[in-house]
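**Student:** So here's coords_30.cif, just mmCIF, C-alpha atoms and all ligand atoms:
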```cif
data_model
loop_
_atom_site.label_atom_id
_atom_site.label_comp_id
_atom_site.auth_asym_id
_atom_site.auth_seq_id
_atom_site.Cartn_x
_atom_site.Cartn_y
_atom_site.Cartn_z
CA MET A 1 0.00 0.00 0.00
CA PRO A 2 1.33 3.48 -0.80
CA ALA A 3 2.14 5.51 2.31
CA ARG A 4 0.70 8.91 3.15
CA PRO A 5 3.40 11.58 2.76
CA PHE A 6 3.76 14.70 4.85
CA ILE A 7 5.91 17.66 3.81
CA ASP A 8 7.33 20.76 5.43
CA SER A 9 5.48 22.86 2.88
CA LEU A 10 7.48 26.11 2.97
CA ASP A 11 10.78 24.28 2.89
CA PHE A 12 9.48 22.08 0.11
CA ALA A 13 8.52 25.10 -2.01
CA ARG A 14 11.66 27.12 -1.33
CA ASN A 15 13.90 24.21 -2.26
CA GLY A 16 11.91 23.34 -5.37
CA GLN A 17 11.35 19.80 -4.17
CA GLN A 18 9.13 17.28 -5.90
CA ILE A 19 7.39 14.08 -4.89
CA THR A 20 5.54 11.59 -7.04
CA GLY A 21 3.40 8.76 -5.84
CA GLU A 22 0.27 6.69 -6.13
CA ILE A 23 -2.91 6.45 -4.08
CA PHE A 24 -5.66 3.89 -4.12
CA VAL A 25 -9.07 5.58 -4.15
CA ASN A 26 -10.05 3.73 -0.99
CA GLN A 27 -7.16 5.32 0.90
CA LEU A 28 -8.96 8.67 0.72
CA SER A 29 -11.94 8.34 3.05
CA ARG A 30 -13.94 11.24 1.66
CA LEU A 31 -13.94 9.67 -1.81
CA ALA A 32 -15.56 6.46 -0.57
CA ASP A 33 -19.10 7.78 -1.12
CA VAL A 34 -18.34 9.01 -4.60
CA PHE A 35 -16.43 6.08 -6.07
CA GLU A 36 -17.83 2.68 -6.92
CA SER A 37 -14.57 0.78 -7.26
CA LYS A 38 -12.14 1.25 -4.45
CA GLN A 39 -9.05 -0.18 -6.10
CA ASP A 40 -8.57 2.50 -8.73
CA LEU A 41 -5.03 3.82 -8.67
CA LEU A 42 -4.35 7.54 -9.00
CA LYS A 43 -0.91 8.93 -9.80
CA TYR A 44 0.26 12.29 -8.58
CA THR A 45 3.15 14.71 -8.66
CA VAL A 46 3.56 17.61 -6.24
CA THR A 47 6.16 20.24 -7.10
CA GLY A 48 7.23 23.11 -4.87
CA ARG A 49 8.32 26.46 -6.23
CA ILE A 50 8.41 30.15 -5.58
CA GLY A 51 5.80 31.75 -7.81
CA LEU A 52 4.75 35.27 -8.72
CA TYR A 53 5.33 37.95 -6.04
CA ASP A 54 7.65 35.48 -4.29
CA ILE A 55 4.72 33.45 -3.02
CA PRO A 56 5.65 29.86 -2.22
CA GLN A 57 3.42 27.46 -4.15
CA LEU A 58 2.67 23.82 -4.64
CA ASP A 59 1.82 22.59 -8.13
CA LEU A 60 -0.50 19.59 -7.94
CA ALA A 61 -0.92 17.18 -10.82
CA LEU A 62 -2.99 14.02 -10.52
CA THR A 63 -4.45 11.64 -13.08
CA GLY A 64 -6.29 8.36 -13.01
CA THR A 65 -9.50 6.68 -14.02
CA GLY A 66 -12.07 6.06 -11.34
CA GLN A 67 -15.42 4.32 -11.27
CA ILE A 68 -17.74 7.01 -9.99
CA ILE A 69 -21.42 6.40 -9.30
CA CYS A 70 -23.93 7.54 -11.92
CA GLN A 71 -26.66 9.57 -10.22
CA ARG A 72 -29.33 8.27 -12.60
CA CYS A 73 -28.83 4.47 -12.44
CA LEU A 74 -26.49 4.28 -9.41
CA GLN A 75 -24.04 2.07 -11.30
CA GLY A 76 -20.37 2.75 -11.76
CA MET A 77 -19.05 4.69 -14.71
CA ASP A 78 -15.48 5.31 -15.78
CA TYR A 79 -14.40 8.83 -15.20
CA ALA A 80 -11.06 10.38 -16.10
CA ILE A 81 -9.83 12.28 -13.09
CA VAL A 82 -7.53 15.16 -13.86
CA VAL A 83 -6.27 17.61 -11.26
CA SER A 84 -3.88 20.34 -12.30
CA ASN A 85 -3.71 23.24 -9.91
CA SER A 86 -1.37 25.57 -8.09
CA ILE A 87 -1.91 26.28 -4.42
CA CYS A 88 -0.36 29.23 -2.62
CA LEU A 89 1.13 28.69 0.83
CA ARG A 90 0.16 31.42 3.30
CA THR A 91 0.67 32.22 6.93
CA GLN A 92 -2.39 32.35 9.19
CA ALA A 93 -2.12 36.18 9.26
CA GLN A 94 -2.13 36.29 5.45
CA LEU A 95 -5.12 33.98 5.28
CA ASP A 96 -7.04 36.16 7.75
CA GLU A 97 -6.18 39.21 5.70
CA LEU A 98 -7.45 37.52 2.53
CA ASP A 99 -10.67 36.55 4.30
CA ASN A 100 -11.31 40.14 5.24
CA SER A 101 -10.55 41.68 1.88
CA ASP A 102 -12.98 42.07 -1.01
CA VAL A 103 -10.37 41.09 -3.53
CA ASP A 104 -11.15 37.81 -5.21
CA GLU A 105 -8.05 35.73 -5.04
CA GLU A 106 -6.93 34.25 -8.29
CA TYR A 107 -5.35 31.23 -6.66
CA GLU A 108 -6.34 28.89 -3.91
CA SER A 109 -4.45 29.24 -0.67
CA VAL A 110 -3.72 26.89 2.20
CA LEU A 111 -1.97 27.34 5.49
CA ALA A 112 1.78 26.81 5.15
CA ASP A 113 2.01 23.78 7.38
CA ALA A 114 5.33 22.33 8.51
CA HIS A 115 3.61 18.92 8.48
CA LEU A 116 1.31 19.26 5.48
CA ASP A 117 -0.84 16.25 4.65
CA VAL A 118 -0.34 15.96 0.88
CA TRP A 119 -3.13 13.44 0.39
CA GLN A 120 -5.65 15.59 2.20
CA LEU A 121 -4.83 18.42 -0.19
CA LEU A 122 -5.16 16.11 -3.20
CA GLU A 123 -8.43 14.66 -1.89
CA GLU A 124 -9.90 18.15 -1.67
CA GLU A 125 -8.82 18.91 -5.23
CA ILE A 126 -10.23 15.63 -6.56
CA LEU A 127 -13.61 16.38 -4.96
CA LEU A 128 -13.59 19.86 -6.50
CA SER A 129 -12.77 18.43 -9.93
CA LEU A 130 -15.72 16.02 -10.01
CA PRO A 131 -19.11 16.87 -11.51
CA ILE A 132 -21.84 17.62 -8.97
CA ALA A 133 -24.21 14.99 -10.39
CA PRO A 134 -22.28 12.61 -12.66
CA LYS A 135 -24.42 10.65 -15.12
CA HIS A 136 -23.87 8.26 -17.99
CA LEU A 137 -24.52 9.52 -21.46
CA ILE A 138 -28.18 9.24 -22.48
CA GLY A 139 -28.95 5.59 -23.27
CA GLU A 140 -25.88 4.21 -21.50
CA CYS A 141 -27.41 3.71 -18.07
CA GLN A 142 -27.99 0.27 -16.68
CA THR A 143 -31.46 -0.75 -17.87
CA VAL A 144 -34.25 -2.14 -15.69
CA ASN A 145 -33.89 -5.70 -17.03
CA GLY A 146 -30.29 -5.72 -15.86
CA SER A 147 -28.53 -5.80 -19.21
CA GLN A 148 -25.16 -4.12 -19.34
CA PRO A 149 -24.94 -0.76 -20.99
CA GLN A 150 -23.18 -0.77 -24.30
CA GLN A 151 -19.46 -0.24 -24.07
CA LYS A 152 -18.62 2.91 -25.92
CA GLU A 153 -15.56 5.02 -26.21
CA SER A 154 -15.82 7.38 -23.28
CA HIS A 155 -15.71 11.10 -23.80
CA PRO A 156 -16.21 12.34 -20.26
CA PHE A 157 -15.70 15.97 -21.11
CA ALA A 158 -18.09 15.99 -24.03
CA ALA A 159 -20.65 14.40 -21.70
CA LEU A 160 -20.01 17.02 -19.07
CA ALA A 161 -20.50 19.88 -21.48
CA LYS A 162 -23.93 18.52 -22.37
CA LEU A 163 -24.91 18.13 -18.73
CA LYS A 164 -23.96 21.68 -17.77
CA ARG A 165 -26.96 23.84 -17.18
ZN ZN B 201 -26.19 5.60 -15.36
#
```
For this file, write the structure as structure tokens.
**Tutor:**
Amino acid sequence: MPARPFIDSLDFARNGQQITGEIFVNQLSRLADVFESKQDLLKYTVTGRIGLYDIPQLDLALTGTGQIICQRCLQGMDYAIVVSNSICLRTQAQLDELDNSDVDEEYESVLADAHLDVWQLLEEEILLSLPIAPKHLIGECQTVNGSQPQQKESHPFAALAKLKR
């Protein structure tokens, strides 16, 4: 089983460090309700750097295919998970300041933790990347008589575009 890594986030960013690893879906407890199959393997890379305005950042990249639950037929459907995001590391004082300002921040921020739980951060980003109510394409749901939906080439993003209201 892959092990849960912790990083000293500011140090990690300042030194331009990088970690890569894998996670089984079932190792992230908050994904358990969303995913049908628990053995899907996700691959990630976290890279530290100093970004614009000298703000320490973490670049998160994660890919994998998961079986998420269709909200129409409640059966699993393959879904390509892609996370690609940069997170700014801030002190508590900076976070408070951001909370109290009207300026919409362009980037997400987290507390610069000396013992940052990398998986927790990734889990949050995975949840944000998923559709609110995932559904199969029209006609691909499990039918009442129990026959399997036709296997088709999956185009998750085309499907998403259609589902957007
Ligand atoms: Zn369905």
**Student:** With distances taken over all atoms listed in the file, which of A:Thr20, A:Thr65, A:Thr45, A:Gln142 is nearest to Ile81 of chain A?
**Tutor:**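 Under the stated criterion, the closest residue is A:Thr65.
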**Student:** Just want the residues within 8 Å of ligand ZN 201 (chain B), written as a list in words, counting only C-alpha atoms and all ligand atoms.
**Tutor:**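 Result of the 8 Å neighbour search around ligand ZN 201 (chain B): Ile69, Cys70, Gln71, Arg72, Cys73, Leu74, Gln75, Gly76, Met77, Lys135, His136, Leu137, Glu140, Cys141 and Gln142 of chain A.
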**Student:** For C-alpha atoms, I'd like the residues from the last selection saved as a PDB file, keeping the file's coordinate frame.
**Tutor:**
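The result, written out as part21.pdb:
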```
ATOM      1  CA  ILE A  69     -21.420   6.400  -9.300  1.00  0.00           C
ATOM      2  CA  CYS A  70     -23.930   7.540 -11.920  1.00  0.00           C
ATOM      3  CA  GLN A  71     -26.660   9.570 -10.220  1.00  0.00           C
ATOM      4  CA  ARG A  72     -29.330   8.270 -12.600  1.00  0.00           C
ATOM      5  CA  CYS A  73     -28.830   4.470 -12.440  1.00  0.00           C
ATOM      6  CA  LEU A  74     -26.490   4.280  -9.410  1.00  0.00           C
ATOM      7  CA  GLN A  75     -24.040   2.070 -11.300  1.00  0.00           C
ATOM      8  CA  GLY A  76     -20.370   2.750 -11.760  1.00  0.00           C
ATOM      9  CA  MET A  77     -19.050   4.690 -14.710  1.00  0.00           C
ATOM     10  CA  LYS A 135     -24.420  10.650 -15.120  1.00  0.00           C
ATOM     11  CA  HIS A 136     -23.870   8.260 -17.990  1.00  0.00           C
ATOM     12  CA  LEU A 137     -24.520   9.520 -21.460  1.00  0.00           C
ATOM     13  CA  GLU A 140     -25.880   4.210 -21.500  1.00  0.00           C
ATOM     14  CA  CYS A 141     -27.410   3.710 -18.070  1.00  0.00           C
ATOM     15  CA  GLN A 142     -27.990   0.270 -16.680  1.00  0.00           C
TER      16      GLN A 142
END
```
**Student:** Taking all atoms listed in the file into account, name the residue in A:Ile23, A:Ala114, A:Ala13, A:Leu41 that is nearest to Ile87 of chain A.
**Tutor:**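 Closest candidate: A:Ala13.
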**Student:** Would you mind telling me which residue in A:Leu10, A:Cys88, A:Ile126, A:Leu111 lies nearest to Gly51 of chain A when using only C-alpha atoms?
**Tutor:**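 Closest candidate: A:Cys88.
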**Student:** Point out the residue among A:Ala61, A:Val83, A:Val34, A:Leu28 with the least atom-to-atom distance to Ile132 of chain A, counting all atoms listed in the file.
**Tutor:** A:Val34
**Student:** Kindly extract all protein, DNA and RNA residues lying within 7 Å of the coordinates (-2.7, 13.0, -13.5) given in the file, considering all atoms listed in the file, and supply them as a list in words.
**Tutor:** Lys43, Tyr44, Ala61, Leu62, Thr63, Gly64, Val82 and Val83 of chain A
**Student:** Tell me, in Å to one decimal, how far atom CA of Pro2 of chain A is from atom CA of Gln18 of chain A.
**Tutor:**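 Atom CA of Pro2 of chain A sits 16.7 Å away from atom CA of Gln18 of chain A.
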**Student:** Quick one: of A:Asp40, A:Asp117, A:Asp33, A:Glu108, who's nearest to Leu89 of chain A, counting only C-alpha atoms?
**Tutor:**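 Closest to Leu89 of chain A of all the choices is A:Glu108.
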**Student:** With distances taken over only C-alpha atoms, which of A:His115, A:Ile55, A:Leu130, A:Leu121 is nearest to Ala80 of chain A?
**Tutor:**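 Smallest distance to Ala80 of chain A is found for A:Leu130.
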**Student:** Would you mind reading off the distance between atom CA of Leu42 of chain A and atom CA of Asn15 of chain A, one decimal, in Å?
**Tutor:** 25.6 Å
**Student:** Identify the residues around (6.8, 27.3, -3.5) within a radius of 12 Å, measuring from all atoms listed in the file in the coordinates stated by the file, and give them as a short mmCIF file (atom, residue, chain, number, x, y, z; two decimals) with C-alpha atoms, keeping the file's coordinate frame.
**Tutor:**
```
data_model
loop_
_atom_site.label_atom_id
_atom_site.label_comp_id
_atom_site.auth_asym_id
_atom_site.auth_seq_id
_atom_site.Cartn_x
_atom_site.Cartn_y
_atom_site.Cartn_z
CA ASP A 8 7.33 20.76 5.43
CA SER A 9 5.48 22.86 2.88
CA LEU A 10 7.48 26.11 2.97
CA ASP A 11 10.78 24.28 2.89
CA PHE A 12 9.48 22.08 0.11
CA ALA A 13 8.52 25.10 -2.01
CA ARG A 14 11.66 27.12 -1.33
CA ASN A 15 13.90 24.21 -2.26
CA GLY A 16 11.91 23.34 -5.37
CA GLN A 17 11.35 19.80 -4.17
CA GLN A 18 9.13 17.28 -5.90
CA VAL A 46 3.56 17.61 -6.24
CA THR A 47 6.16 20.24 -7.10
CA GLY A 48 7.23 23.11 -4.87
CA ARG A 49 8.32 26.46 -6.23
CA ILE A 50 8.41 30.15 -5.58
CA GLY A 51 5.80 31.75 -7.81
CA LEU A 52 4.75 35.27 -8.72
CA TYR A 53 5.33 37.95 -6.04
CA ASP A 54 7.65 35.48 -4.29
CA ILE A 55 4.72 33.45 -3.02
CA PRO A 56 5.65 29.86 -2.22
CA GLN A 57 3.42 27.46 -4.15
CA LEU A 58 2.67 23.82 -4.64
CA ASP A 59 1.82 22.59 -8.13
CA LEU A 60 -0.50 19.59 -7.94
CA SER A 86 -1.37 25.57 -8.09
CA ILE A 87 -1.91 26.28 -4.42
CA CYS A 88 -0.36 29.23 -2.62
CA LEU A 89 1.13 28.69 0.83
CA ARG A 90 0.16 31.42 3.30
CA SER A 109 -4.45 29.24 -0.67
CA VAL A 110 -3.72 26.89 2.20
CA ALA A 112 1.78 26.81 5.15
#
```
**Student:** For Phe35 of chain A, find every residue with an atom within 7 Å (counting only C-alpha atoms), except residues of its own chain fewer than 3 positions away, and show them as a CSV table (one decimal) with C-alpha atoms, keeping the file's coordinate frame.
**Tutor:**
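Saved to selection17.csv:
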```
chain,number,residue,atom,x,y,z
A,31,LEU,CA,-13.9,9.7,-1.8
A,32,ALA,CA,-15.6,6.5,-0.6
A,38,LYS,CA,-12.1,1.2,-4.4
A,66,GLY,CA,-12.1,6.1,-11.3
A,67,GLN,CA,-15.4,4.3,-11.3
A,68,ILE,CA,-17.7,7.0,-10.0
A,69,ILE,CA,-21.4,6.4,-9.3
```
**Student:** Using all atoms listed in the file, which protein or nucleic acid residues come within 9 Å of Met1 of chain A? Drop anything in the same chain fewer than 2 positions from it, and give the result as a list in words.
**Tutor:**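 Here the answer would be Ala3, Ile23, Phe24 and Gln27 of chain A.
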**Student:** Mind giving me the straight-line distance from atom CA of Leu122 of chain A to atom CA of Ile19 of chain A in Å, one decimal?
**Tutor:**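 One can read the atom CA of Leu122 of chain A to atom CA of Ile19 of chain A distance as 12.8 Å.
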**Student:** For segment 110-127 of chain A, what centre and edge lengths in Å (one decimal) does the axis-aligned box get once 3 Å is added on each side of all its listed atoms, as AutoDock Vina command-line options?
**Tutor:**
```
--center_x -4.1 --center_y 20.4 --center_z 1.0 --size_x 24.9 --size_y 19.9 --size_z 21.1
```
